[in-house]
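**Student:** Can you keep this structure in mind? I'll have questions shortly.
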Amino acid sequence: MSAAPVQDLVTLRDWLRYAVSRFGEAGLAFGHGTTNSYDEAAYLILHALHLPLDRLEPFLDARITHAERARLADLLARRIDQRVPAAYLTHEAWLGEFRFYVDERVIIPRSFIADLLPDGLASFVGDAAAVTSALDLCTGSGCLAILLAHAYPDAEIDAVDLSSDALAVAQRNVAEYGLADRVNLVRSDLFANLPEKTYDLIISNPPYVTANAMHQLPPEYRHEPVMSLAGGEDGLDAVRGILRDAPRFLNPQGVLVVEIGHNRDACELAFPRLPFLWLDTGSSTESVFLLKREDVVAGR
């Protein structure tokens, strides 16, 4: 961004209009918390000015100081010129009412499984008190493990990731929610380093982007760790490992919930004997499957 337009932008309304126009002109990709240029511009501007994220209207005609203009110009330049996702610029991401610290060591939280906790799983796992142990595989920032802890207050949670960098971010989030005594972070390649124990519920949002799709990702997604996205040729490398070993770690009535994005057809082709139950969420259909332990055992 050149100095000239910065001097022309006086009010928050000016900056909002300018940002929306530039985002559209640059052809930015969204999907890391917002879905369009207007929402993303409003979020970035309000965050940069330390204003409430849900109160845009009262401030639209407020004049922006010179120092604030410089800050906004730098922020928008990084979003437009470097295509850095907004969550990495603000170091925060949201799942519902839950805020999480994020940086480029972790994938930006956006799991469909979040929509299912806890009510969407109640008919399969019983009431919240029935879940006393749960496992989050590929935890990343720890976001789903933290949601598990809130959804099932009597449960001890193990949260697993292969990346030490990701676990450092998860540790920060777990500590900020005061859950260090209930959420145990484990460095492991799926189940490999877990102790011999079983769980009432196992969830996972593993890497599931196919090899072909990886080559077509917009620049924004290339800022995220490759190991958090790439799922192999058909996107199911991690899913195969999960289905192979899950029965050993599930209680007799245990439930497995896995997110696989757009890979339903490939999943059913790879595992024709498994009776996948596809769960609808508030923002997806056929992206999350559920299996009971007995079904995984019988279908192998």
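Letters A, B, ... mark the chains of the structure tokens in the order given; residue numbers begin at 1 per chain; ligand numbers begin at 1, in order shown.
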Would you list the contacts of A:His150 as an MDAnalysis selection string, taking every protein, DNA or RNA residue within 12 Å and counting only C-alpha atoms, but skipping same-chain residues closer than 5 positions in sequence?
**Tutor:** chainID A and resid 97:98 114 117:118 128:129 131 134 143:145 155:157 174 177:179 182:183
**Student:** Please provide the set of residues having any atom within 12 Å of A:Arg79, restricted to only C-alpha atoms, with same-chain residues fewer than 4 positions apart removed, written as a ChimeraX atom specification.
**Tutor:** /A:1,19-20,22-23,26-30,37,40-41,44-45,72-75,83-90,219-220,223
**Student:** Which polymer residues have any atom within 7 Å of an atom of stretch 243-250 of chain A, counting only C-alpha atoms, with same-chain residues fewer than 6 positions away left out, as a PyMOL selection string?
**Tutor:** chain A and resi 197-200+293+296-297
**Student:** Do you know which residues are at most 9 Å from A:Ala266 counting only C-alpha atoms, after dropping those on the same chain fewer than 5 positions away, and could you put them as a list of chain:residue names?
**Tutor:**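 Selected residues are A:Asp234, A:Gly235, A:Leu236, A:Phe271.
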**Student:** Using backbone DSSP assignments, extract all strand (DSSP E) residues from stretch 19-152 of chain A; output them as a list in words.
**Tutor:**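 Filtering stretch 19-152 of chain A to strand (DSSP E) leaves Ala93, Trp94, Leu95, Phe98, Arg99, Phe100, Ser133, Ala134, Leu135, Asp136 and Leu137 of chain A.
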**Student:** Output C-alpha atoms of each residue in that selection to a file, as a short mmCIF file (atom, residue, chain, number, x, y, z; two decimals), in the first residue's frame.
**Tutor:**
```cif
data_model
loop_
_atom_site.label_atom_id
_atom_site.label_comp_id
_atom_site.auth_asym_id
_atom_site.auth_seq_id
_atom_site.Cartn_x
_atom_site.Cartn_y
_atom_site.Cartn_z
CA ALA A 93 -9.05 -18.09 15.81
CA TRP A 94 -12.55 -18.81 16.98
CA LEU A 95 -14.72 -21.92 17.19
CA PHE A 98 -14.09 -20.23 22.10
CA ARG A 99 -11.00 -18.21 21.24
CA PHE A 100 -7.64 -19.88 20.56
CA SER A 133 -12.16 -40.52 28.96
CA ALA A 134 -11.67 -39.04 25.50
CA LEU A 135 -8.90 -38.78 22.94
CA ASP A 136 -8.24 -36.10 20.35
CA LEU A 137 -5.91 -37.32 17.60
#
```
**Student:** What does the distance from atom CA of A:Asp280 to atom CA of A:Ser111 come to in Å, to one decimal?
**Tutor:**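 It comes out at 12.8 Å.
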**Student:** Smallest atom-to-atom distance to A:Glu176: which of A:Tyr101, A:Tyr18, A:Phe289, A:Phe124, using only C-alpha atoms?
**Tutor:**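 For A:Glu176, the nearest of the candidates is A:Tyr101.
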**Student:** Separation of atom CA of A:Glu68 and atom CA of A:His91, in Å?
**Tutor:**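 Answer for the atom CA of A:Glu68 to atom CA of A:His91 separation: 18.6 Å.
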**Student:** Residues near A:Ile203, anyone? I mean within 6 Å using only C-alpha atoms, not counting same-chain ones fewer than 5 positions away, as a compact mmCIF listing (two decimals) with N, CA, C and O atoms, in the first residue's frame.
**Tutor:**
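So around09.txt came out as:
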```txt
# COMPACT_ATOMS: atom_id res chain seq x y z
N ASP A 136 -8.23 -36.94 21.54
CA ASP A 136 -8.24 -36.10 20.35
C ASP A 136 -6.95 -36.36 19.58
O ASP A 136 -5.87 -35.97 20.02
N LEU A 256 -16.03 -43.68 17.68
CA LEU A 256 -14.98 -43.02 16.91
C LEU A 256 -15.62 -42.01 15.96
O LEU A 256 -16.55 -42.33 15.22
N VAL A 257 -15.11 -40.75 15.98
CA VAL A 257 -15.63 -39.69 15.11
C VAL A 257 -14.45 -39.08 14.37
O VAL A 257 -13.49 -38.61 14.99
N VAL A 258 -14.53 -39.09 13.03
CA VAL A 258 -13.40 -38.63 12.21
C VAL A 258 -13.91 -37.70 11.10
O VAL A 258 -14.89 -38.00 10.43
```
